[in-house]
$ cat coords_1.csv   # CSV, C-alpha atoms and all ligand atoms
chain,number,residue,atom,x,y,z
Z,1,MET,CA,70.0,104.7,130.6
Z,2,SER,CA,71.5,108.2,131.0
Z,3,THR,CA,74.4,109.2,128.7
Z,4,THR,CA,77.5,110.8,130.2
Z,5,VAL,CA,79.9,113.0,128.2
Z,6,LEU,CA,83.5,113.1,129.4
Z,7,LEU,CA,86.4,115.3,128.3
Z,8,PRO,CA,89.5,113.3,127.4
Z,9,THR,CA,91.5,113.8,130.6
Z,10,PRO,CA,93.9,110.9,131.4
Z,11,GLU,CA,91.6,109.8,134.2
Z,12,HIS,CA,88.5,109.7,131.9
Z,13,ILE,CA,90.4,107.8,129.2
Z,14,GLN,CA,91.4,105.2,131.8
Z,15,GLN,CA,87.8,105.1,133.2
Z,16,LEU,CA,86.2,104.6,129.7
Z,17,ALA,CA,89.0,102.1,128.7
Z,18,ALA,CA,88.0,100.0,131.7
Z,19,TYR,CA,84.3,100.1,130.5
Z,20,ILE,CA,85.4,98.7,127.2
Z,21,ARG,CA,87.4,95.9,128.9
Z,22,ASP,CA,84.3,95.2,131.0
Z,23,GLY,CA,82.3,94.6,127.8
Z,24,GLU,CA,80.6,98.1,127.6
Z,25,ILE,CA,80.2,100.4,124.5
Z,26,VAL,CA,81.7,103.9,124.4
Z,27,ALA,CA,81.5,106.6,121.7
Z,28,PHE,CA,84.9,108.1,121.0
Z,29,PRO,CA,86.4,110.6,118.5
Z,30,THR,CA,88.4,109.9,115.4
Z,31,GLU,CA,89.7,112.3,112.8
Z,32,THR,CA,86.9,111.2,110.4
Z,33,VAL,CA,83.8,110.9,112.5
Z,34,TYR,CA,82.9,109.7,116.0
Z,35,GLY,CA,82.8,105.9,116.4
Z,36,LEU,CA,80.7,103.7,118.8
Z,37,GLY,CA,83.3,101.2,120.1
Z,38,ALA,CA,83.4,97.8,121.8
Z,39,ASP,CA,86.0,95.2,122.3
Z,40,ALA,CA,86.1,93.5,118.9
Z,41,THR,CA,87.0,90.1,120.5
Z,42,LYS,CA,83.9,90.0,122.7
Z,43,THR,CA,80.7,89.1,120.9
Z,44,SER,CA,78.4,90.2,123.8
Z,45,ALA,CA,80.0,93.7,123.7
Z,46,VAL,CA,79.8,93.9,119.9
Z,47,GLN,CA,76.1,92.9,120.1
Z,48,LYS,CA,75.4,96.1,122.1
Z,49,ILE,CA,76.6,98.2,119.2
Z,50,PHE,CA,74.2,96.6,116.8
Z,51,THR,CA,71.4,97.0,119.4
Z,52,ALA,CA,72.1,100.7,120.2
Z,53,LYS,CA,72.4,101.7,116.5
Z,54,ASN,CA,69.6,99.3,115.3
Z,55,ARG,CA,72.1,98.3,112.7
Z,56,PRO,CA,71.4,95.4,110.3
Z,57,ALA,CA,73.3,92.3,111.5
Z,58,ASN,CA,74.7,91.7,108.0
Z,59,ASN,CA,76.6,95.0,107.9
Z,60,PRO,CA,80.1,94.4,109.2
Z,61,LEU,CA,82.1,96.8,111.4
Z,62,ILE,CA,85.5,98.4,111.1
Z,63,VAL,CA,88.1,97.4,113.7
Z,64,HIS,CA,90.4,100.1,115.1
Z,65,VAL,CA,93.9,99.5,116.5
Z,66,ALA,CA,96.4,102.0,118.1
Z,67,HIS,CA,99.4,101.4,115.8
Z,68,ARG,CA,100.0,100.0,112.3
Z,69,GLU,CA,102.3,97.4,113.9
Z,70,ASP,CA,99.2,96.0,115.6
Z,71,ILE,CA,97.4,95.3,112.3
Z,72,GLY,CA,99.2,92.0,111.7
Z,73,LYS,CA,97.9,90.6,115.1
Z,74,TYR,CA,94.3,90.6,113.8
Z,75,VAL,CA,94.5,90.1,110.0
Z,76,TYR,CA,96.7,88.2,107.5
Z,77,ILE,CA,98.7,90.7,105.4
Z,78,THR,CA,99.4,88.7,102.3
Z,79,HIS,CA,100.1,91.3,99.5
Z,80,PRO,CA,103.0,93.8,99.1
Z,81,LEU,CA,100.4,96.4,98.1
Z,82,GLU,CA,98.7,96.0,101.4
Z,83,GLU,CA,102.0,96.6,103.2
Z,84,LEU,CA,102.7,99.7,101.1
Z,85,LEU,CA,99.2,101.2,101.8
Z,86,ILE,CA,99.6,100.5,105.5
Z,87,GLU,CA,103.1,102.1,105.6
Z,88,LYS,CA,102.2,105.2,103.6
Z,89,LEU,CA,98.6,105.9,104.6
Z,90,MET,CA,98.2,104.7,108.2
Z,91,PRO,CA,97.5,106.1,110.7
Z,92,GLY,CA,94.9,108.0,108.8
Z,93,PRO,CA,91.5,107.8,107.1
Z,94,LEU,CA,92.0,104.6,105.2
Z,95,THR,CA,90.4,101.3,106.1
Z,96,LEU,CA,91.8,98.1,104.5
Z,97,VAL,CA,89.8,94.9,104.2
Z,98,MET,CA,92.0,91.8,104.7
Z,99,PRO,CA,91.5,88.1,105.8
Z,100,THR,CA,90.7,88.0,109.5
Z,101,ARG,CA,92.4,86.1,112.3
Z,102,GLU,CA,90.2,84.0,114.5
Z,103,MET,CA,90.1,86.2,117.6
Z,104,ILE,CA,87.8,88.8,116.0
Z,105,SER,CA,84.2,88.2,116.9
Z,106,PRO,CA,82.1,86.8,114.0
Z,107,LEU,CA,79.5,89.5,114.7
Z,108,VAL,CA,82.1,92.1,113.6
Z,109,LEU,CA,82.6,90.3,110.3
Z,110,ALA,CA,78.9,89.7,109.6
Z,111,GLY,CA,79.7,86.2,108.4
Z,112,ARG,CA,82.6,87.2,106.2
Z,113,PRO,CA,86.1,85.8,106.2
Z,114,THR,CA,87.6,89.3,106.0
Z,115,VAL,CA,87.8,92.3,108.4
Z,116,ALA,CA,88.0,96.0,107.7
Z,117,ILE,CA,90.8,97.5,109.8
Z,118,ARG,CA,92.1,101.0,110.4
Z,119,VAL,CA,94.5,103.1,112.6
Z,120,PRO,CA,92.9,106.4,113.5
Z,121,ALA,CA,95.3,109.4,113.5
Z,122,HIS,CA,93.4,111.3,116.2
Z,123,PRO,CA,95.5,111.7,119.4
Z,124,VAL,CA,92.5,111.0,121.7
Z,125,ALA,CA,91.6,107.9,119.7
Z,126,GLN,CA,95.2,106.7,119.9
Z,127,ALA,CA,95.4,107.3,123.7
Z,128,PHE,CA,92.0,105.5,124.1
Z,129,LEU,CA,93.1,102.5,122.0
Z,130,GLU,CA,96.4,102.3,123.9
Z,131,ALA,CA,94.6,102.3,127.2
Z,132,VAL,CA,92.0,99.6,126.2
Z,133,ASP,CA,94.8,97.3,124.9
Z,134,CYS,CA,92.3,95.4,122.6
Z,135,PRO,CA,91.1,96.0,119.1
Z,136,ILE,CA,87.9,98.2,119.1
Z,137,ALA,CA,85.1,97.5,116.6
Z,138,ALA,CA,83.4,100.7,115.8
Z,139,PRO,CA,80.9,101.9,113.3
Z,140,SER,CA,80.0,105.6,113.2
Z,141,ALA,CA,78.2,106.6,116.4
Z,142,ASN,CA,74.8,107.4,114.9
Z,143,ARG,CA,71.5,105.5,114.8
Z,144,SER,CA,71.4,103.5,111.5
Z,145,GLY,CA,70.4,105.6,108.6
Z,146,ARG,CA,71.4,109.0,110.2
Z,147,PRO,CA,74.3,111.2,109.3
Z,148,SER,CA,77.6,110.4,111.1
Z,149,PRO,CA,78.4,112.6,114.1
Z,150,THR,CA,81.4,114.9,114.0
Z,151,THR,CA,81.0,116.3,117.5
Z,152,ALA,CA,80.2,114.8,120.9
Z,153,GLU,CA,77.1,117.1,120.9
Z,154,MET,CA,75.9,115.4,117.7
Z,155,VAL,CA,76.5,111.9,119.2
Z,156,LEU,CA,74.4,113.0,122.2
Z,157,ALA,CA,71.6,114.5,120.1
Z,158,ASP,CA,71.2,111.2,118.2
Z,159,MET,CA,72.0,108.6,120.8
Z,160,ASP,CA,71.1,110.1,124.2
Z,161,GLY,CA,69.8,107.3,126.4
Z,162,LEU,CA,70.9,104.6,124.0
Z,163,ILE,CA,74.6,104.5,125.1
Z,164,PRO,CA,76.3,105.0,128.5
Z,165,SER,CA,79.2,107.3,127.6
Z,166,ILE,CA,80.8,109.6,125.1
Z,167,LEU,CA,84.5,110.6,125.1
Z,168,ASP,CA,84.5,114.2,123.9
Z,169,GLY,CA,87.5,114.9,121.6
Z,170,TRP,CA,86.2,118.1,120.0
Z,171,PRO,CA,85.0,118.4,116.4
Z,172,CYS,CA,86.5,115.9,113.9
Z,173,ALA,CA,89.0,117.5,111.6
Z,174,TYR,CA,87.9,115.6,108.4
Z,175,GLY,CA,84.2,115.1,108.9
Z,176,ILE,CA,83.5,112.3,106.4
Z,177,GLU,CA,84.3,108.6,106.9
Z,178,SER,CA,87.4,106.7,106.0
Z,179,THR,CA,87.9,105.2,102.5
Z,180,VAL,CA,87.3,101.5,102.6
Z,181,ALA,CA,89.6,99.6,100.1
Z,182,ILE,CA,90.7,96.1,99.4
Z,183,VAL,CA,93.6,94.7,97.3
Z,184,LEU,CA,92.2,92.2,94.8
Z,185,ASP,CA,94.2,90.5,92.0
Z,186,GLY,CA,97.0,93.0,92.3
Z,187,LYS,CA,94.6,96.0,92.0
Z,188,VAL,CA,93.1,98.3,94.6
Z,189,ALA,CA,89.3,98.3,94.7
Z,190,ILE,CA,87.6,101.2,96.6
Z,191,ARG,CA,84.6,99.8,98.3
Z,192,ARG,CA,83.5,103.1,99.9
Z,193,PRO,CA,84.9,106.5,98.8
Z,194,GLY,CA,86.1,108.5,101.7
Z,195,PHE,CA,88.6,111.1,102.8
Z,196,VAL,CA,91.5,109.3,101.1
Z,197,THR,CA,90.8,109.9,97.4
Z,198,LYS,CA,91.4,107.6,94.4
Z,199,GLU,CA,94.2,110.0,93.4
Z,200,ASP,CA,95.8,109.7,96.8
Z,201,LEU,CA,95.8,105.9,96.5
Z,202,GLN,CA,97.1,106.0,92.9
Z,203,GLN,CA,100.0,108.2,94.0
Z,204,VAL,CA,101.0,105.6,96.6
Z,205,VAL,CA,100.7,102.5,94.5
Z,206,GLY,CA,102.2,104.1,91.3
Z,207,PRO,CA,100.9,104.4,87.7
Z,208,ASP,CA,101.3,100.6,87.0
Z,209,VAL,CA,98.7,99.5,89.5
Z,210,GLU,CA,95.0,99.9,88.8
Z,211,VAL,CA,92.9,101.7,91.4
Z,212,TYR,CA,89.1,101.5,90.7
Z,213,PHE,CA,85.8,102.1,92.3
Z,214,ALA,CA,84.0,98.8,93.0
Z,215,THR,CA,80.7,99.0,91.3
Z,216,THR,CA,78.9,95.7,91.7
Z,217,GLN,CA,76.8,95.0,94.8
Z,218,LEU,CA,79.1,92.1,95.5
Z,219,GLU,CA,82.3,94.1,95.4
Z,220,SER,CA,81.3,97.2,97.2
Z,221,ALA,CA,80.9,97.6,101.0
Z,222,PRO,CA,77.8,95.9,102.4
Z,223,GLY,CA,76.9,99.2,104.1
Z,224,ASN,CA,76.4,100.8,100.7
Z,225,MET,CA,73.0,99.1,100.2
Z,226,TYR,CA,71.4,100.7,103.2
Z,227,LYS,CA,69.6,104.0,103.6
Z,228,HIS,CA,72.1,106.5,104.8
Z,229,TYR,CA,73.0,109.9,106.1
Z,230,SER,CA,69.4,111.1,106.3
Z,231,PRO,CA,69.1,114.4,108.3
Z,232,GLY,CA,65.4,113.7,108.8
Z,233,ILE,CA,64.1,116.2,106.3
Z,234,PRO,CA,64.3,115.8,102.5
Z,235,VAL,CA,67.5,116.8,100.8
Z,236,TYR,CA,67.4,118.1,97.2
Z,237,ILE,CA,70.6,118.4,95.1
Z,238,THR,CA,70.7,121.3,92.7
Z,239,GLN,CA,73.2,122.1,90.0
Z,240,ASP,CA,72.1,125.7,89.7
Z,241,ILE,CA,71.0,127.0,93.1
Z,242,THR,CA,70.7,130.7,92.1
Z,243,ASN,CA,68.0,129.7,89.5
Z,244,SER,CA,66.2,127.7,92.1
Z,245,VAL,CA,66.2,130.6,94.6
Z,246,ASN,CA,65.1,133.1,91.9
Z,247,GLU,CA,62.2,130.8,90.9
Z,248,GLY,CA,61.1,130.8,94.6
Z,249,VAL,CA,60.9,127.0,94.8
Z,250,PHE,CA,62.1,127.1,98.4
Z,251,LYS,CA,59.6,126.9,101.3
Z,252,LYS,CA,61.1,127.0,104.7
Z,253,ALA,CA,64.4,125.7,103.3
Z,254,ILE,CA,67.9,125.6,104.3
Z,255,ILE,CA,70.2,126.4,101.4
Z,256,ILE,CA,73.7,125.0,101.4
Z,257,ALA,CA,75.3,127.0,98.6
Z,258,THR,CA,78.8,127.5,97.6
Z,259,THR,CA,80.6,130.8,98.3
Z,260,GLU,CA,81.0,131.1,94.5
Z,261,THR,CA,77.3,131.8,94.2
Z,262,ARG,CA,77.0,133.7,97.4
Z,263,ASP,CA,76.2,137.1,96.1
Z,264,LEU,CA,73.6,135.9,93.7
Z,265,VAL,CA,71.8,133.7,96.2
Z,266,SER,CA,72.0,136.0,99.2
Z,267,GLU,CA,70.5,139.0,97.3
Z,268,THR,CA,67.3,136.9,96.6
Z,269,ALA,CA,67.4,135.0,99.8
Z,270,LYS,CA,67.5,138.0,102.1
Z,271,ASN,CA,64.1,139.0,100.9
Z,272,ASN,CA,62.7,135.7,101.8
Z,273,GLU,CA,62.1,135.0,105.5
Z,274,HIS,CA,61.6,131.3,104.8
Z,275,ILE,CA,65.2,130.7,103.8
Z,276,ILE,CA,68.2,130.2,105.9
Z,277,TYR,CA,71.2,130.5,103.8
Z,278,MET,CA,74.3,128.5,104.9
Z,279,ASN,CA,77.2,129.8,103.0
Z,280,ARG,CA,79.9,127.5,104.2
Z,281,TRP,CA,80.6,125.5,101.1
Z,282,SER,CA,83.2,126.2,98.4
Z,283,LYS,CA,84.2,124.4,95.2
Z,284,ASN,CA,87.8,125.5,95.9
Z,285,ASP,CA,87.9,124.2,99.5
Z,286,LEU,CA,86.6,120.7,99.5
Z,287,VAL,CA,88.4,119.8,102.7
Z,288,THR,CA,86.3,122.4,104.5
Z,289,CYS,CA,83.1,121.2,102.8
Z,290,ALA,CA,83.8,117.6,104.0
Z,291,SER,CA,84.4,118.8,107.6
Z,292,ARG,CA,81.1,120.7,107.6
Z,293,LEU,CA,78.6,118.5,105.7
Z,294,TYR,CA,77.2,116.5,108.6
Z,295,GLN,CA,77.4,119.5,111.0
Z,296,LEU,CA,75.3,121.5,108.5
Z,297,TYR,CA,72.8,118.6,108.2
Z,298,HIS,CA,72.6,118.5,112.0
Z,299,GLU,CA,71.9,122.2,112.2
Z,300,ALA,CA,69.3,122.0,109.4
Z,301,SER,CA,67.5,119.1,111.1
Z,302,THR,CA,67.2,120.9,114.4
Z,303,SER,CA,65.9,124.1,112.7
Z,304,TRP,CA,62.4,124.8,111.5
Z,305,ALA,CA,63.3,124.0,107.9
Z,306,ASP,CA,61.2,121.5,105.9
Z,307,ALA,CA,63.9,120.8,103.3
Z,308,ILE,CA,67.6,121.1,102.5
Z,309,TYR,CA,68.7,122.4,99.1
Z,310,ILE,CA,72.3,121.7,98.5
Z,311,GLU,CA,74.5,122.9,95.6
Z,312,ALA,CA,76.4,120.1,93.9
Z,313,LEU,CA,80.2,120.0,94.0
Z,314,PRO,CA,82.3,118.7,91.1
Z,315,GLU,CA,82.6,114.9,91.5
Z,316,GLN,CA,86.4,114.6,91.5
Z,317,GLY,CA,88.8,113.8,94.2
Z,318,LEU,CA,87.3,114.6,97.6
Z,319,GLY,CA,84.3,116.1,95.9
Z,320,LEU,CA,83.4,112.6,94.7
Z,321,SER,CA,83.4,111.3,98.3
Z,322,ILE,CA,81.3,114.2,99.5
Z,323,MET,CA,78.8,113.9,96.7
Z,324,ASN,CA,78.6,110.1,97.4
Z,325,ARG,CA,77.2,111.0,100.9
Z,326,VAL,CA,75.0,113.9,99.6
Z,327,LYS,CA,73.4,111.7,96.9
Z,328,LYS,CA,72.7,108.9,99.4
Z,329,SER,CA,71.1,111.4,101.8
Z,330,ALA,CA,68.9,112.7,98.9
Z,331,GLN,CA,67.8,109.2,97.9
Z,332,GLN,CA,65.1,108.6,100.5
C,1,LIG,O1,85.8,106.8,109.3
C,1,LIG,C1,85.2,105.7,109.5
C,1,LIG,O2,85.4,104.7,108.7
C,1,LIG,C2,84.3,105.6,110.7
C,1,LIG,C3,85.2,105.7,112.0
C,1,LIG,C4,84.4,105.6,113.3
C,1,LIG,O3,86.3,104.8,111.9
C,1,LIG,N1,83.6,104.3,110.8
C,1,LIG,C5,82.6,104.1,109.9
C,1,LIG,O4,82.0,102.8,110.1
C,1,LIG,O5,82.2,104.8,109.1
C,1,LIG,P1,80.6,102.4,109.5
C,1,LIG,O6,80.2,101.1,110.1
C,1,LIG,O7,79.7,103.5,109.5
C,1,LIG,O8,81.0,102.0,108.0
C,1,LIG,C6,81.8,100.9,107.7
C,1,LIG,C7,81.8,100.6,106.3
C,1,LIG,C8,80.4,100.0,105.9
C,1,LIG,O9,80.1,100.4,104.6
C,1,LIG,C9,80.7,98.5,106.0
C,1,LIG,O10,79.8,97.8,105.1
C,1,LIG,C10,82.1,98.4,105.4
C,1,LIG,O11,82.8,99.5,106.0
C,1,LIG,N2,82.8,97.2,105.9
C,1,LIG,C11,83.1,96.8,107.1
C,1,LIG,N3,83.7,95.6,107.2
C,1,LIG,C12,83.8,95.2,105.9
C,1,LIG,C13,84.3,94.0,105.2
C,1,LIG,N4,84.8,93.0,105.9
C,1,LIG,N5,84.2,94.0,103.9
C,1,LIG,C14,83.7,95.0,103.2
C,1,LIG,N6,83.2,96.1,103.7
C,1,LIG,C15,83.2,96.2,105.1
C,2,MG,MG,78.1,104.7,109.4

$ encode --input "coords_1.csv" --output "structure tokens"
Amino acid sequence: MSTTVLLPTPEHIQQLAAYIRDGEIVAFPTETVYGLGADATKTSAVQKIFTAKNRPANNPLIVHVAHREDIGKYVYITHPLEELLIEKLMPGPLTLVMPTREMISPLVLAGRPTVAIRVPAHPVAQAFLEAVDCPIAAPSANRSGRPSPTTAEMVLADMDGLIPSILDGWPCAYGIESTVAIVLDGKVAIRRPGFVTKEDLQQVVGPDVEVYFATTQLESAPGNMYKHYSPGIPVYITQDITNSVNEGVFKKAIIIATTETRDLVSETAKNNEHIIYMNRWSKNDLVTCASRLYQLYHEASTSWADAIYIEALPEQGLGLSIMNRVKKSAQQ
């Protein structure tokens, strides 16, 4: 199979929408990461996603719809908190898990009675979803275990020959995945941290409603138990990168350090030809860190480096979501 990359002209969007209606899979951009989509109501189409990604069959998929008004067609909205979250945070990088209606393929649900649903805010994703006129099931457009792609080029690098087409909607603005949440017993449980933070959710639901991170295996997203976000070379997290550099522990390493330690690191690193120093990371600009993480991993994995050393960010707000991905990638 050869993989075609198409720019999002109206003609290409119509052409790829027709592929989806015919039961094909298409990679497309969202504001978080690129997704690999299929008609969520067609089991044979959804099966192609699992095959192309080599994804475990018990890891359910997120369903994407064009408008928040479409959500009720595919799930039962039963709680006022769900209505509130939909009204305030969708379209956007929030995914809500709710009881499914019957037309969603059981393969999407991986045997569950619930479906995870979201409304992307990306204009190309919205145009594509309007053109297909069906809900699109889409995990991130990477082979299972690899970092999520944030550009069409990254999708191609990971999935060339495994998928027929990629809709190129330029680099994703946010760069890490949506937050997966569920309303349970009048509380909001975060099943996967993502671009929408706990603080964002708390602000929407108000101080009287508890917002918490699901911790048990049963409560958290099934995807959390798999190997994840691996750039293909070992990732080491370091709290004090300047010390590590000074001690010369790096051999052919990519260093992802914050701008706060730039001067200290670069002085040492510039005398060491085995170090590539990527200074695009700042404790004061977590939005930029999020948008760059997977891109940096991609660049590192295609370089000669044997390892990535990454400076830890404070685990608060968006920093917590970013470090969730970094820790998983380091846990090989
Ligand atoms: O930003 C995103 O969420 C991207 C874009 C393409 O929308 N999608 C994405 O999908 O990251 P994926 O498949 O890589 O991650 C989906 C996560 C997994 O951890 C999965 O286990 C969880 O959502 N999930 C899906 N359906 C669920 C359900 N019914 N109940 C609980 N968790 C669910
Ligand atoms: Mg994924």

$ residues_near_ligand --input "coords_1.csv" --ligand "ligand MG 2 (chain C)" --cutoff "7 Å" --atoms "only C-alpha atoms and all ligand atoms" --output "number ranges by chain"
Z: 139-140, 142, 148

$ closest_residue --input "coords_1.csv" --among "Z:Lys198, Z:Lys187, Z:Arg262, Z:His12" --to "Ala127 in chain Z" --atoms "only C-alpha atoms"
Z:His12

$ residues_around --input "coords_1.csv" --residues "Gly206 in chain Z" --least-positions-apart "5" --cutoff "12 Å" --atoms "only C-alpha atoms" --output "list in words"
Leu81, Leu84, Leu85, Lys187, Val188, Lys198, Glu199, Asp200, Leu201 and Val211 of chain Z

$ atom_distance --input "coords_1.csv" --atom1 "CA of Tyr229 in chain Z" --atom2 "CA of Gly145 in chain Z"
5.6 Å

$ residues_near_ligand --input "coords_1.csv" --ligand "ligand LIG 1 (chain C)" --cutoff "8 Å" --atoms "all atoms listed in the file" --output "PyMOL selection string"
chain Z and resi 29-36+59-64+93-95+97-98+108-110+112-118+120+138-141+148+176-180+191-192+194+219-224

$ atom_distance --input "coords_1.csv" --atom1 "CA of Glu102 in chain Z" --atom2 "CA of Phe28 in chain Z"
25.5 Å

$ decode --input "coords_1.csv" --residues "range 156-237 of chain Z" --atoms "C-alpha atoms" --output "CSV table (one decimal), in the first residue's frame"
chain,number,residue,atom,x,y,z
Z,156,LEU,CA,3.9,9.4,7.4
Z,157,ALA,CA,7.2,8.5,9.1
Z,158,ASP,CA,5.4,6.1,11.4
Z,159,MET,CA,2.7,4.7,9.2
Z,160,ASP,CA,3.9,4.9,5.6
Z,161,GLY,CA,2.6,1.9,3.7
Z,162,LEU,CA,0.2,1.0,6.5
Z,163,ILE,CA,-2.6,3.5,5.7
Z,164,PRO,CA,-3.9,4.8,2.4
Z,165,SER,CA,-4.1,8.5,3.1
Z,166,ILE,CA,-3.3,11.4,5.3
Z,167,LEU,CA,-5.1,14.8,5.4
Z,168,ASP,CA,-2.4,17.3,6.0
Z,169,GLY,CA,-3.7,20.1,8.3
Z,170,TRP,CA,-0.3,21.5,9.4
Z,171,PRO,CA,1.2,21.1,12.9
Z,172,CYS,CA,-1.2,20.6,15.7
Z,173,ALA,CA,-1.5,23.6,18.0
Z,174,TYR,CA,-1.7,21.8,21.3
Z,175,GLY,CA,0.5,18.7,20.7
Z,176,ILE,CA,-0.7,16.4,23.5
Z,177,GLU,CA,-3.9,14.4,23.6
Z,178,SER,CA,-7.3,15.4,25.0
Z,179,THR,CA,-8.2,14.9,28.6
Z,180,VAL,CA,-10.4,11.8,29.1
Z,181,ALA,CA,-13.0,12.4,31.9
Z,182,ILE,CA,-16.2,10.8,33.2
Z,183,VAL,CA,-18.9,12.0,35.5
Z,184,LEU,CA,-19.4,9.4,38.3
Z,185,ASP,CA,-21.6,9.9,41.4
Z,186,GLY,CA,-21.7,13.6,40.9
Z,187,LYS,CA,-17.9,13.9,40.7
Z,188,VAL,CA,-15.6,14.4,37.7
Z,189,ALA,CA,-13.0,11.6,37.3
Z,190,ILE,CA,-10.1,12.3,35.0
Z,191,ARG,CA,-9.2,9.0,33.3
Z,192,ARG,CA,-6.3,10.4,31.3
Z,193,PRO,CA,-4.7,13.8,32.0
Z,194,GLY,CA,-4.5,15.9,28.8
Z,195,PHE,CA,-4.6,19.4,27.5
Z,196,VAL,CA,-7.6,20.4,29.6
Z,197,THR,CA,-6.2,20.6,33.2
Z,198,LYS,CA,-7.8,19.6,36.5
Z,199,GLU,CA,-7.9,23.3,37.3
Z,200,ASP,CA,-9.8,24.0,34.1
Z,201,LEU,CA,-12.4,21.4,34.9
Z,202,GLN,CA,-12.7,22.6,38.5
Z,203,GLN,CA,-13.3,26.1,37.3
Z,204,VAL,CA,-16.2,25.0,35.0
Z,205,VAL,CA,-17.9,22.8,37.6
Z,206,GLY,CA,-17.3,25.1,40.6
Z,207,PRO,CA,-15.8,24.5,44.0
Z,208,ASP,CA,-18.6,22.3,45.3
Z,209,VAL,CA,-18.0,19.5,42.8
Z,210,GLU,CA,-15.0,17.2,43.3
Z,211,VAL,CA,-12.6,16.7,40.4
Z,212,TYR,CA,-10.1,14.0,40.9
Z,213,PHE,CA,-7.6,11.8,39.0
Z,214,ALA,CA,-8.8,8.2,38.7
Z,215,THR,CA,-6.0,6.1,40.2
Z,216,THR,CA,-7.2,2.5,40.2
Z,217,GLN,CA,-6.7,0.3,37.1
Z,218,LEU,CA,-10.5,-0.1,36.9
Z,219,GLU,CA,-11.2,3.6,36.9
Z,220,SER,CA,-8.5,4.9,34.7
Z,221,ALA,CA,-8.5,4.7,30.8
Z,222,PRO,CA,-7.8,1.2,29.5
Z,223,GLY,CA,-5.1,2.7,27.3
Z,224,ASN,CA,-3.1,3.7,30.4
Z,225,MET,CA,-1.9,0.1,31.0
Z,226,TYR,CA,0.0,-0.2,27.7
Z,227,LYS,CA,3.5,0.8,26.8
Z,228,HIS,CA,3.3,4.3,25.4
Z,229,TYR,CA,4.9,7.2,23.7
Z,230,SER,CA,8.2,5.5,23.1
Z,231,PRO,CA,10.5,7.3,20.7
Z,232,GLY,CA,12.5,4.2,20.0
Z,233,ILE,CA,15.5,5.2,22.1
Z,234,PRO,CA,15.7,5.2,25.9
Z,235,VAL,CA,14.3,8.3,27.7
Z,236,TYR,CA,15.8,9.4,31.0
Z,237,ILE,CA,14.2,12.0,33.2
